[in-house]
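Undergrad: Data: model-v5.csv, CSV, C-alpha atoms and all ligand atoms.
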```csv
chain,number,residue,atom,x,y,z
A,340,MET,CA,-13.9,13.1,-60.6
A,341,LYS,CA,-15.6,16.1,-62.2
A,342,HIS,CA,-13.2,18.9,-61.8
A,343,ASN,CA,-15.9,21.3,-60.4
A,344,LYS,CA,-16.4,18.8,-57.6
A,345,LEU,CA,-12.7,18.5,-57.1
A,346,LEU,CA,-12.3,22.2,-57.0
A,347,TYR,CA,-14.8,22.6,-54.1
A,348,LEU,CA,-13.3,19.6,-52.2
A,349,MET,CA,-9.7,21.1,-52.6
A,350,VAL,CA,-10.8,24.5,-51.3
A,351,ALA,CA,-12.7,22.8,-48.5
A,352,GLY,CA,-9.6,20.8,-47.7
A,353,ILE,CA,-7.5,24.0,-47.4
A,354,VAL,CA,-10.1,25.9,-45.4
A,355,LEU,CA,-10.6,23.0,-43.0
A,356,GLY,CA,-6.8,22.5,-42.7
A,357,ILE,CA,-6.3,26.1,-41.8
A,358,PHE,CA,-9.2,26.0,-39.3
A,359,SER,CA,-8.0,22.8,-37.6
A,360,GLY,CA,-4.3,23.8,-37.4
A,361,TRP,CA,-5.3,27.2,-36.1
A,362,MET,CA,-7.6,25.9,-33.4
A,363,TYR,CA,-6.1,22.6,-32.3
A,364,GLY,CA,-2.4,23.5,-32.8
A,365,SER,CA,0.1,20.7,-32.3
A,366,SER,CA,-2.5,18.0,-31.8
A,367,MET,CA,-3.0,18.2,-35.6
A,368,LEU,CA,0.4,16.6,-35.9
A,369,ALA,CA,-1.7,13.4,-35.6
A,370,VAL,CA,-2.6,13.8,-39.3
A,371,GLU,CA,0.9,14.6,-40.5
A,372,TRP,CA,1.5,11.1,-41.9
A,373,ILE,CA,-1.5,11.4,-44.2
A,374,GLY,CA,-0.1,14.6,-45.7
A,375,GLU,CA,3.4,13.0,-46.0
A,376,MET,CA,1.9,10.1,-47.8
A,377,PHE,CA,0.2,12.3,-50.3
A,378,LEU,CA,3.3,14.4,-50.8
A,379,ASP,CA,5.5,11.2,-51.2
A,380,ALA,CA,3.0,9.9,-53.8
A,381,LEU,CA,3.3,13.1,-55.8
A,382,LYS,CA,7.1,13.1,-55.5
A,383,MET,CA,7.2,9.5,-56.6
A,384,LEU,CA,5.7,10.5,-59.9
A,385,VAL,CA,7.9,13.4,-60.6
A,386,VAL,CA,11.0,11.7,-62.1
A,387,PRO,CA,9.2,9.4,-64.5
A,388,LEU,CA,6.9,12.3,-65.4
A,389,ILE,CA,9.7,14.7,-66.1
A,390,ILE,CA,11.7,12.3,-68.2
A,391,SER,CA,8.8,11.1,-70.3
A,392,SER,CA,7.2,14.6,-70.6
A,393,MET,CA,10.3,16.2,-71.9
A,394,ILE,CA,10.9,13.4,-74.4
A,395,VAL,CA,7.3,13.3,-75.6
A,396,GLY,CA,7.1,17.1,-75.6
A,397,ILE,CA,10.2,17.6,-77.7
A,398,ALA,CA,9.2,14.8,-80.1
A,399,GLY,CA,5.7,16.4,-80.4
A,400,LEU,CA,7.2,19.7,-81.4
A,401,GLY,CA,8.9,18.1,-84.3
A,402,ASP,CA,11.9,19.5,-85.9
A,403,VAL,CA,14.7,21.5,-84.2
A,404,ARG,CA,13.5,24.8,-85.6
A,405,LYS,CA,10.1,24.5,-83.9
A,406,VAL,CA,11.7,23.4,-80.7
A,407,GLY,CA,14.0,26.5,-80.9
A,408,LYS,CA,11.1,28.9,-81.5
A,409,THR,CA,8.9,27.3,-78.8
A,410,GLY,CA,11.8,27.3,-76.4
A,411,LEU,CA,12.4,31.0,-77.1
A,412,ILE,CA,8.8,32.0,-76.5
A,413,ALA,CA,8.9,30.1,-73.2
A,414,LEU,CA,12.1,31.7,-72.1
A,415,LEU,CA,10.9,35.2,-73.1
A,416,TYR,CA,7.7,34.6,-71.1
A,417,PHE,CA,9.7,33.4,-68.1
A,418,MET,CA,12.1,36.4,-68.2
A,419,LEU,CA,9.4,39.0,-68.8
A,420,THR,CA,7.1,37.8,-66.0
A,421,THR,CA,9.9,37.3,-63.6
A,422,CYS,CA,11.2,40.8,-64.3
A,423,ILE,CA,7.8,42.3,-63.9
A,424,ALA,CA,7.3,40.4,-60.6
A,425,VAL,CA,10.6,41.7,-59.2
A,426,GLY,CA,9.7,45.2,-60.4
A,427,ILE,CA,6.4,45.1,-58.5
A,428,GLY,CA,8.2,43.8,-55.4
A,429,LEU,CA,10.7,46.7,-55.5
A,430,VAL,CA,8.1,49.4,-56.0
A,431,MET,CA,5.8,48.1,-53.2
A,432,VAL,CA,8.7,47.7,-50.7
A,433,ASN,CA,9.9,51.2,-51.5
A,434,ILE,CA,6.4,52.6,-51.0
A,435,ILE,CA,5.4,50.6,-47.9
A,436,GLU,CA,8.9,50.6,-46.2
A,437,PRO,CA,8.1,47.6,-44.0
A,438,GLY,CA,11.6,47.4,-42.5
A,439,VAL,CA,11.7,51.0,-41.1
A,440,ALA,CA,11.3,51.0,-37.3
A,441,VAL,CA,11.6,47.2,-37.0
A,442,GLU,CA,14.1,46.1,-34.5
A,443,MET,CA,16.8,43.6,-35.6
A,444,THR,CA,16.8,40.9,-32.9
A,445,VAL,CA,18.8,38.2,-34.6
A,446,GLU,CA,22.6,38.2,-34.5
A,447,GLN,CA,23.5,35.0,-36.1
A,448,VAL,CA,23.6,33.7,-39.6
A,449,PRO,CA,20.9,30.9,-39.7
A,450,ASP,CA,22.3,27.4,-40.0
A,451,ARG,CA,20.4,26.8,-43.1
A,452,VAL,CA,22.2,29.4,-45.1
A,453,ALA,CA,25.6,29.4,-43.3
A,454,GLY,CA,28.3,28.0,-45.5
A,455,LYS,CA,26.2,28.7,-48.6
A,456,GLU,CA,28.1,32.0,-49.1
A,457,ALA,CA,29.8,30.8,-52.2
A,458,VAL,CA,26.7,30.3,-54.4
A,459,SER,CA,27.2,32.3,-57.6
A,460,ILE,CA,25.9,32.4,-61.1
A,461,THR,CA,28.4,29.8,-62.2
A,462,ASP,CA,27.2,27.5,-59.4
A,463,ILE,CA,23.7,27.9,-60.8
A,464,LEU,CA,24.9,27.1,-64.3
A,465,LYS,CA,26.7,24.0,-63.1
A,466,THR,CA,23.4,22.6,-61.8
A,467,PHE,CA,22.3,22.1,-65.4
A,468,VAL,CA,24.5,19.1,-65.8
A,469,SER,CA,25.0,16.1,-63.6
A,470,PRO,CA,27.7,13.5,-63.7
A,471,ASN,CA,25.4,10.8,-62.4
A,472,LEU,CA,21.7,10.7,-63.6
A,473,VAL,CA,20.7,8.0,-61.1
A,474,GLN,CA,22.0,10.1,-58.2
A,475,SER,CA,20.1,13.1,-59.6
A,476,MET,CA,17.0,11.1,-59.7
A,477,ALA,CA,17.5,9.9,-56.2
A,478,LYS,CA,18.1,13.5,-55.0
A,479,MET,CA,15.3,14.8,-57.2
A,480,GLU,CA,17.6,17.3,-58.9
A,481,ILE,CA,15.3,18.2,-61.7
A,482,LEU,CA,17.4,20.5,-63.9
A,483,PRO,CA,19.9,17.9,-65.1
A,484,LEU,CA,17.1,15.4,-65.8
A,485,ILE,CA,15.4,18.0,-67.9
A,486,MET,CA,18.5,18.8,-69.8
A,487,PHE,CA,19.3,15.1,-70.4
A,488,SER,CA,15.7,14.3,-71.5
A,489,LEU,CA,15.7,17.3,-73.9
A,490,VAL,CA,18.8,16.2,-75.7
A,491,PHE,CA,17.8,12.5,-75.5
A,492,GLY,CA,14.4,13.3,-77.0
A,493,GLY,CA,15.9,15.5,-79.6
A,494,VAL,CA,18.3,12.7,-80.7
A,495,LEU,CA,15.5,10.1,-80.7
A,496,THR,CA,13.7,12.2,-83.3
A,497,THR,CA,16.7,11.8,-85.7
A,498,LEU,CA,16.8,8.0,-85.5
A,499,GLY,CA,14.0,7.1,-87.8
A,500,GLU,CA,11.8,4.1,-87.1
A,501,PRO,CA,13.7,2.8,-84.0
A,502,GLY,CA,13.7,6.2,-82.5
A,503,LYS,CA,10.0,6.5,-83.1
A,504,ARG,CA,9.4,3.2,-81.2
A,505,ALA,CA,11.4,4.5,-78.3
A,506,ILE,CA,9.3,7.7,-78.3
A,507,ASP,CA,6.1,5.7,-78.4
A,508,PHE,CA,7.4,3.8,-75.3
A,509,PHE,CA,7.9,7.1,-73.4
A,510,ASP,CA,4.6,8.3,-74.6
A,511,THR,CA,2.9,5.3,-73.1
A,512,VAL,CA,4.9,5.8,-69.8
A,513,ASN,CA,3.7,9.4,-69.8
A,514,THR,CA,0.1,8.4,-70.3
A,515,ALA,CA,0.3,5.8,-67.6
A,516,VAL,CA,1.8,8.2,-65.1
A,517,MET,CA,-0.9,10.8,-65.8
A,518,LYS,CA,-3.5,8.1,-65.2
A,519,ILE,CA,-1.9,7.6,-61.8
A,520,VAL,CA,-2.0,11.3,-61.2
A,521,HIS,CA,-5.7,11.2,-62.1
A,522,LEU,CA,-6.3,8.5,-59.5
A,523,LEU,CA,-4.2,10.4,-56.9
A,524,MET,CA,-6.4,13.4,-57.2
A,525,TYR,CA,-9.2,11.5,-55.4
A,526,PHE,CA,-7.0,11.7,-52.3
A,527,ALA,CA,-5.8,15.3,-52.9
A,528,PRO,CA,-8.5,17.1,-50.8
A,529,ILE,CA,-7.6,15.0,-47.7
A,530,GLY,CA,-3.9,15.3,-48.5
A,531,VAL,CA,-4.0,19.1,-48.7
A,532,PHE,CA,-6.1,19.2,-45.5
A,533,ALA,CA,-3.5,17.1,-43.6
A,534,LEU,CA,-0.5,19.0,-44.9
A,535,ILE,CA,-1.9,22.4,-44.0
A,536,ALA,CA,-3.4,21.3,-40.6
A,537,SER,CA,-0.2,19.6,-39.5
A,538,LYS,CA,2.1,22.4,-40.7
A,539,LEU,CA,0.1,25.1,-39.0
A,540,GLY,CA,-0.1,22.9,-35.9
A,541,ALA,CA,3.7,22.3,-35.9
A,542,ALA,CA,4.1,26.1,-36.1
A,543,GLY,CA,2.2,26.4,-32.9
A,544,GLY,CA,-1.3,27.0,-34.1
A,545,GLY,CA,-3.1,30.3,-34.7
A,546,ASP,CA,-2.0,32.2,-31.5
A,547,LEU,CA,1.7,31.7,-32.2
A,548,PHE,CA,1.2,32.5,-35.9
A,549,LEU,CA,-0.4,35.8,-35.0
A,550,ALA,CA,2.4,36.6,-32.5
A,551,GLU,CA,5.0,36.0,-35.3
A,552,LEU,CA,2.9,38.1,-37.6
A,553,ALA,CA,2.7,40.9,-35.2
A,554,LYS,CA,6.5,41.2,-35.2
A,555,ILE,CA,7.0,41.6,-38.9
A,556,GLY,CA,3.4,42.0,-40.1
A,557,LYS,CA,4.1,44.9,-42.4
A,558,TYR,CA,6.7,42.8,-44.2
A,559,VAL,CA,4.3,39.9,-44.6
A,560,GLY,CA,1.7,42.4,-45.8
A,561,THR,CA,4.1,43.8,-48.4
A,562,VAL,CA,5.0,40.4,-49.8
A,563,LEU,CA,1.4,39.3,-49.9
A,564,SER,CA,0.1,42.5,-51.6
A,565,ALA,CA,2.9,42.4,-54.2
A,566,LEU,CA,2.1,38.7,-54.9
A,567,LEU,CA,-1.6,39.5,-55.2
A,568,VAL,CA,-0.9,42.4,-57.7
A,569,HIS,CA,1.3,40.2,-59.8
A,570,GLY,CA,-0.9,37.1,-59.6
A,571,PHE,CA,-4.3,38.7,-59.9
A,572,VAL,CA,-3.6,41.7,-62.1
A,573,VAL,CA,-0.5,41.3,-64.2
A,574,LEU,CA,-0.6,37.5,-65.0
A,575,PRO,CA,-4.3,37.4,-65.9
A,576,MET,CA,-3.8,40.5,-68.1
A,577,ILE,CA,-0.9,38.7,-69.9
A,578,LEU,CA,-3.1,35.6,-70.3
A,579,TYR,CA,-6.0,37.6,-71.7
A,580,ILE,CA,-3.9,39.7,-74.1
A,581,THR,CA,-2.0,36.9,-75.6
A,582,THR,CA,-4.6,34.1,-75.6
A,583,ARG,CA,-8.0,35.7,-75.2
A,584,ARG,CA,-8.8,33.1,-72.6
A,585,ASN,CA,-11.0,34.1,-69.7
A,586,PRO,CA,-8.7,34.4,-66.7
A,587,VAL,CA,-11.5,33.5,-64.2
A,588,THR,CA,-12.3,30.2,-66.0
A,589,TYR,CA,-8.6,29.5,-66.4
A,590,PHE,CA,-8.0,30.1,-62.7
A,591,LYS,CA,-10.9,27.9,-61.7
A,592,ASN,CA,-9.4,25.1,-63.8
A,593,VAL,CA,-6.1,25.3,-62.0
A,594,VAL,CA,-7.4,25.6,-58.5
A,595,ALA,CA,-6.3,22.0,-57.8
A,596,ALA,CA,-2.7,22.8,-58.7
A,597,LEU,CA,-2.8,26.0,-56.8
A,598,THR,CA,-4.1,24.4,-53.6
A,599,THR,CA,-1.6,21.6,-54.0
A,600,ALA,CA,1.2,24.2,-54.3
A,601,PHE,CA,0.0,26.1,-51.3
A,602,SER,CA,-0.1,22.9,-49.2
A,603,THR,CA,3.2,21.3,-50.4
A,604,ALA,CA,5.3,24.5,-50.9
A,605,SER,CA,7.0,22.8,-53.8
A,606,SER,CA,6.6,23.5,-57.5
A,607,SER,CA,8.2,20.2,-58.4
A,608,ALA,CA,6.0,18.1,-56.2
A,609,THR,CA,3.0,20.0,-57.6
A,610,LEU,CA,4.1,19.4,-61.2
A,611,PRO,CA,1.9,16.3,-61.8
A,612,VAL,CA,-1.2,18.2,-60.8
A,613,THR,CA,-0.2,21.3,-62.8
A,614,ILE,CA,0.1,19.1,-66.0
A,615,GLU,CA,-3.2,17.4,-65.2
A,616,CYS,CA,-5.0,20.8,-64.8
A,617,ALA,CA,-3.4,22.2,-68.0
A,618,GLU,CA,-4.3,19.3,-70.2
A,619,GLU,CA,-7.5,18.0,-68.7
A,620,ASN,CA,-9.2,21.2,-67.6
A,621,ASN,CA,-7.7,24.0,-69.7
A,622,ARG,CA,-7.2,21.9,-72.8
A,623,ILE,CA,-3.6,23.0,-73.4
A,624,SER,CA,-2.1,21.0,-76.2
A,625,ARG,CA,-0.1,18.0,-74.9
A,626,LYS,CA,3.1,18.9,-76.7
A,627,SER,CA,3.1,22.4,-75.1
A,628,SER,CA,2.2,21.4,-71.6
A,629,LEU,CA,4.7,18.6,-71.5
A,630,PHE,CA,7.4,20.7,-72.9
A,631,VAL,CA,6.7,23.9,-71.0
A,632,LEU,CA,5.5,22.9,-67.5
A,633,PRO,CA,8.5,20.8,-66.3
A,634,LEU,CA,10.8,23.6,-67.4
A,635,ALA,CA,8.6,26.2,-65.8
A,636,ALA,CA,8.4,24.4,-62.5
A,637,THR,CA,12.1,24.5,-62.3
A,638,VAL,CA,13.2,27.9,-63.7
A,639,ASN,CA,10.1,30.1,-63.7
A,640,MET,CA,9.6,31.4,-60.2
A,641,ASN,CA,7.8,34.7,-60.3
A,642,GLY,CA,6.8,34.6,-56.7
A,643,THR,CA,10.2,33.6,-55.4
A,644,ALA,CA,12.0,36.3,-57.4
A,645,LEU,CA,9.5,38.9,-56.1
A,646,TYR,CA,9.9,37.7,-52.6
A,647,GLU,CA,13.7,37.9,-52.7
A,648,SER,CA,13.6,41.5,-53.8
A,649,VAL,CA,11.2,42.5,-51.0
A,650,ALA,CA,13.1,40.5,-48.4
A,651,ALA,CA,16.5,42.0,-49.4
A,652,MET,CA,15.1,45.6,-49.2
A,653,PHE,CA,13.3,44.8,-45.9
A,654,ILE,CA,16.6,43.7,-44.4
A,655,ALA,CA,18.3,46.8,-45.7
A,656,GLN,CA,15.6,49.0,-44.3
A,657,MET,CA,15.6,47.2,-41.0
A,658,MET,CA,19.4,47.8,-40.6
A,659,GLY,CA,19.1,51.4,-41.7
A,660,ILE,CA,21.2,50.8,-44.8
A,661,GLN,CA,20.2,53.2,-47.7
A,662,LEU,CA,20.2,51.5,-51.1
A,663,GLY,CA,20.3,53.8,-54.0
A,664,PHE,CA,18.9,53.2,-57.5
A,665,GLY,CA,22.1,51.4,-58.7
A,666,GLU,CA,22.1,49.0,-55.8
A,667,GLN,CA,18.4,48.4,-56.3
A,668,MET,CA,19.1,47.6,-59.9
A,669,ILE,CA,21.6,45.0,-58.7
A,670,ILE,CA,18.9,43.5,-56.5
A,671,PHE,CA,16.6,43.5,-59.5
A,672,VAL,CA,19.1,41.4,-61.5
A,673,THR,CA,20.2,39.1,-58.7
A,674,ALA,CA,16.6,38.5,-57.5
A,675,THR,CA,15.6,37.5,-61.0
A,676,LEU,CA,18.6,35.1,-61.2
A,677,ALA,CA,17.8,33.8,-57.7
A,678,GLY,CA,14.3,33.0,-58.9
A,679,ILE,CA,15.7,31.0,-61.8
A,680,GLY,CA,18.3,29.3,-59.6
A,681,ALA,CA,16.0,28.3,-56.8
A,682,ALA,CA,14.9,24.6,-56.8
A,683,GLY,CA,11.2,23.9,-56.8
A,684,ILE,CA,11.4,22.6,-53.2
A,685,PRO,CA,10.2,24.1,-49.9
A,686,GLU,CA,12.2,27.2,-48.7
A,687,ALA,CA,14.7,27.0,-51.5
A,688,GLY,CA,14.4,30.7,-51.9
A,689,LEU,CA,16.0,31.3,-48.6
A,690,VAL,CA,19.2,29.8,-49.8
A,691,THR,CA,19.4,31.6,-53.1
A,692,MET,CA,18.7,34.8,-51.2
A,693,VAL,CA,22.3,34.7,-50.0
A,694,MET,CA,23.4,35.7,-53.5
A,695,VAL,CA,21.0,38.6,-53.5
A,696,LEU,CA,22.2,39.9,-50.2
A,697,GLN,CA,25.8,39.5,-50.9
A,698,SER,CA,25.6,41.3,-54.3
A,699,VAL,CA,24.8,44.6,-52.4
A,700,GLY,CA,26.8,43.8,-49.3
A,701,LEU,CA,23.9,43.2,-46.9
A,702,PRO,CA,24.6,41.0,-43.9
A,703,LEU,CA,23.3,37.4,-44.0
A,704,GLU,CA,22.1,37.7,-40.4
A,705,GLY,CA,19.1,39.5,-41.7
A,706,ILE,CA,17.7,36.2,-43.0
A,707,GLY,CA,17.3,35.1,-39.4
A,708,MET,CA,14.6,37.7,-39.0
A,709,LEU,CA,12.6,36.1,-41.9
A,710,LEU,CA,12.9,32.5,-40.8
A,711,SER,CA,9.9,32.2,-38.4
A,712,ILE,CA,7.4,33.2,-41.0
A,713,ASP,CA,9.1,31.8,-44.1
A,714,TRP,CA,7.2,28.6,-44.1
A,715,PHE,CA,4.0,30.6,-44.6
A,716,LEU,CA,5.3,33.0,-47.2
A,717,ASP,CA,6.9,30.1,-49.0
A,718,ARG,CA,3.5,28.6,-49.6
A,719,CYS,CA,2.2,31.9,-50.9
A,720,ARG,CA,5.0,32.4,-53.3
A,721,THR,CA,4.9,28.8,-54.5
A,722,THR,CA,1.3,29.3,-55.4
A,723,ILE,CA,2.1,32.3,-57.5
A,724,ASN,CA,5.0,30.3,-59.1
A,725,VAL,CA,2.7,27.6,-60.1
A,726,TRP,CA,0.0,30.1,-61.3
A,727,GLY,CA,2.7,31.7,-63.5
A,728,ASP,CA,3.8,28.3,-64.9
A,729,SER,CA,0.2,27.4,-65.7
A,730,ILE,CA,-0.4,30.7,-67.6
A,731,GLY,CA,2.9,30.2,-69.3
A,732,ALA,CA,1.7,26.9,-70.8
A,733,ALA,CA,-1.3,28.7,-72.3
A,734,VAL,CA,0.7,31.6,-73.6
A,735,VAL,CA,3.3,29.4,-75.2
A,736,ASP,CA,0.6,27.1,-76.6
A,737,THR,CA,-1.1,30.0,-78.3
A,738,LEU,CA,1.9,31.9,-79.5
A,739,GLU,CA,3.6,28.8,-80.7
A,740,GLU,CA,0.6,27.9,-82.8
A,741,ASN,CA,0.4,31.4,-84.3
A,742,TRP,CA,4.0,32.2,-84.7
A,743,VAL,CA,5.6,28.8,-85.5
A,744,GLU,CA,2.7,27.7,-87.8
A,745,LYS,CA,2.5,31.0,-89.6
A,746,GLY,CA,6.3,31.2,-89.9
A,747,GLU,CA,6.4,28.0,-91.8
B,801,LIG,N1,9.1,26.6,-52.6
B,801,LIG,C1,9.3,27.3,-53.8
B,801,LIG,C2,8.9,26.5,-55.0
B,801,LIG,O1,8.9,25.3,-54.9
B,801,LIG,C3,10.7,27.8,-54.0
B,801,LIG,C4,11.0,28.9,-52.9
B,801,LIG,O2,10.7,30.0,-53.2
B,801,LIG,O3,11.5,28.6,-51.9
B,801,LIG,O4,8.4,27.0,-56.0
```
Go ahead and render the structure in this file as structure tokens.
TA:
Amino acid sequence: MKHNKLLYLMVAGIVLGIFSGWMYGSSMLAVEWIGEMFLDALKMLVVPLIISSMIVGIAGLGDVRKVGKTGLIALLYFMLTTCIAVGIGLVMVNIIEPGVAVEMTVEQVPDRVAGKEAVSITDILKTFVSPNLVQSMAKMEILPLIMFSLVFGGVLTTLGEPGKRAIDFFDTVNTAVMKIVHLLMYFAPIGVFALIASKLGAAGGGDLFLAELAKIGKYVGTVLSALLVHGFVVLPMILYITTRRNPVTYFKNVVAALTTAFSTASSSATLPVTIECAEENNRISRKSSLFVLPLAATVNMNGTALYESVAAMFIAQMMGIQLGFGEQMIIFVTATLAGIGAAGIPEAGLVTMVMVLQSVGLPLEGIGMLLSIDWFLDRCRTTINVWGDSIGAAVVDTLEENWVEKGE
């Protein structure tokens, strides 16, 4: 399908989904199965895509020195953009003060985060390695798969001709999976429509949504405006300065990925579409997109990190707890780590928020106040996560070409 046509159909799918879920409420649950089928089809492709992408990406980069430099550029980009995002969140939440004069009406720690108190930096580090790859695949634990594939691909490049044959095999697997993604895109507009309509319907339709919004509308406004500043000012500027690409064209070319992110609330499930948009529409080199995007979908979460800093400050303001500069710096660091540590699945950010709140002694009960609207904010931050990932692919592609090639 021509991507302009797909772009319009995807946007129409989202708009129609919002309209139907808003107007017809829970009766839109009738289309839930369509959305689930689309989501499952995307998820089905994630494991073979990640393994083959990382192996082909690493092999495409060539020797270890290049991999190191490219990896370093990617990590610098991830860190820089995540820190800027958290900074924007903190500035906005201090200016708008959404939590002041909001009444705390929840007294219990929500089930979803209860018992998760022990999550620490070492726990996050431990998720990089898995004792059982098959189990990781079954549970869609992406990080250990990435780590294994990186090492595996790296080792294959040292094995001469037999290694090359194995790489060719994974290359073919990758091409085949991307063909399936291409086919799946024909169903994407109806898929995103069904996902949005049924989710909004399950949340009670427009009236209930507005009622929830009225309770903590200022908080929602703060998160959204900070996300908008980051997504539509900072990231496009970084894209333009480093690559000279036109941000508007670049944006149009990734609309399919952004709408998928908005409707699935999962960076991992969106990954196949993100890669498709990067390669097919934005002409990012295959080696860069295959190497950067799986990594980015898992560790680069600008929107999530930003959200966590705003949410933590909102809870403090709501409870009348004054946090000074030092404590806000702690939030800055932990929110950045929480963004890295959150999995690319729906509402993962809520769980890593425990770490942020505990670092400055804020009560976990506060999370209860955010639950009712989190499904919506999750979609918004996931969209910015995927937008940040997509721009990262372009930035790394350009800088890698300039820096690595010249450095030789
Ligand atoms: N749903 C987000 C993602 O997949 C993670 C989160 O913030 O909960 O990118």
Undergrad: Which is closest to ligand LIG 801 (chain B) among A:Leu662, A:Val699, A:Ala608, A:Met476, if we use all atoms listed in the file?
TA: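 Closest residue, counting all atoms listed in the file: A:Ala608.
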Undergrad: Counting only C-alpha atoms, which residues sit no farther than 8 Å from the position (-8.6, 39.2, -67.3) in the file's frame? I'd like them as a list in words.
TA: Val572, Pro575, Met576, Leu578, Tyr579, Asn585, Pro586 and Val587 of chain A
Undergrad: Report, in Å to a single decimal, how far apart CA of Ala733 in chain A and CA of Thr582 in chain A are.
TA: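 Separation between CA of Thr582 in chain A and CA of Ala733 in chain A: 7.1 Å.
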Undergrad: Show me which residues line ligand LIG 801 (chain B), defined as having an atom within 8 Å of a ligand atom where all atoms listed in the file count, and present them as a PyMOL selection string.
TA: chain A and resi 600+604-608+636-637+640+642-644+646+678+681-689+717-718+720-722+724-725
Undergrad: List the spatial neighbours of Ser488 in chain A as a list in words - criterion: any atom at most 9 Å away, only C-alpha atoms, same-chain residues fewer than 4 positions off excluded.
TA: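 The residues satisfying every condition are Ile389, Ile390, Ser391, Ser392, Met393, Ile394, Ile397, Pro483, Leu484, Gly492 and Gly493 of chain A.
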Undergrad: Residues near Gly407 in chain A, anyone? I mean within 12 Å using all atoms listed in the file, not counting same-chain ones fewer than 3 positions away, as a list of chain:residue names.
TA: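 Close residues of Gly407 in chain A: A:Ile397, A:Leu400, A:Gly401, A:Asp402, A:Val403, A:Arg404, A:Gly410, A:Leu411, A:Ile412, A:Ala413, A:Leu414, A:Leu489, A:Gly493, A:Phe630, A:Glu739, A:Val743.
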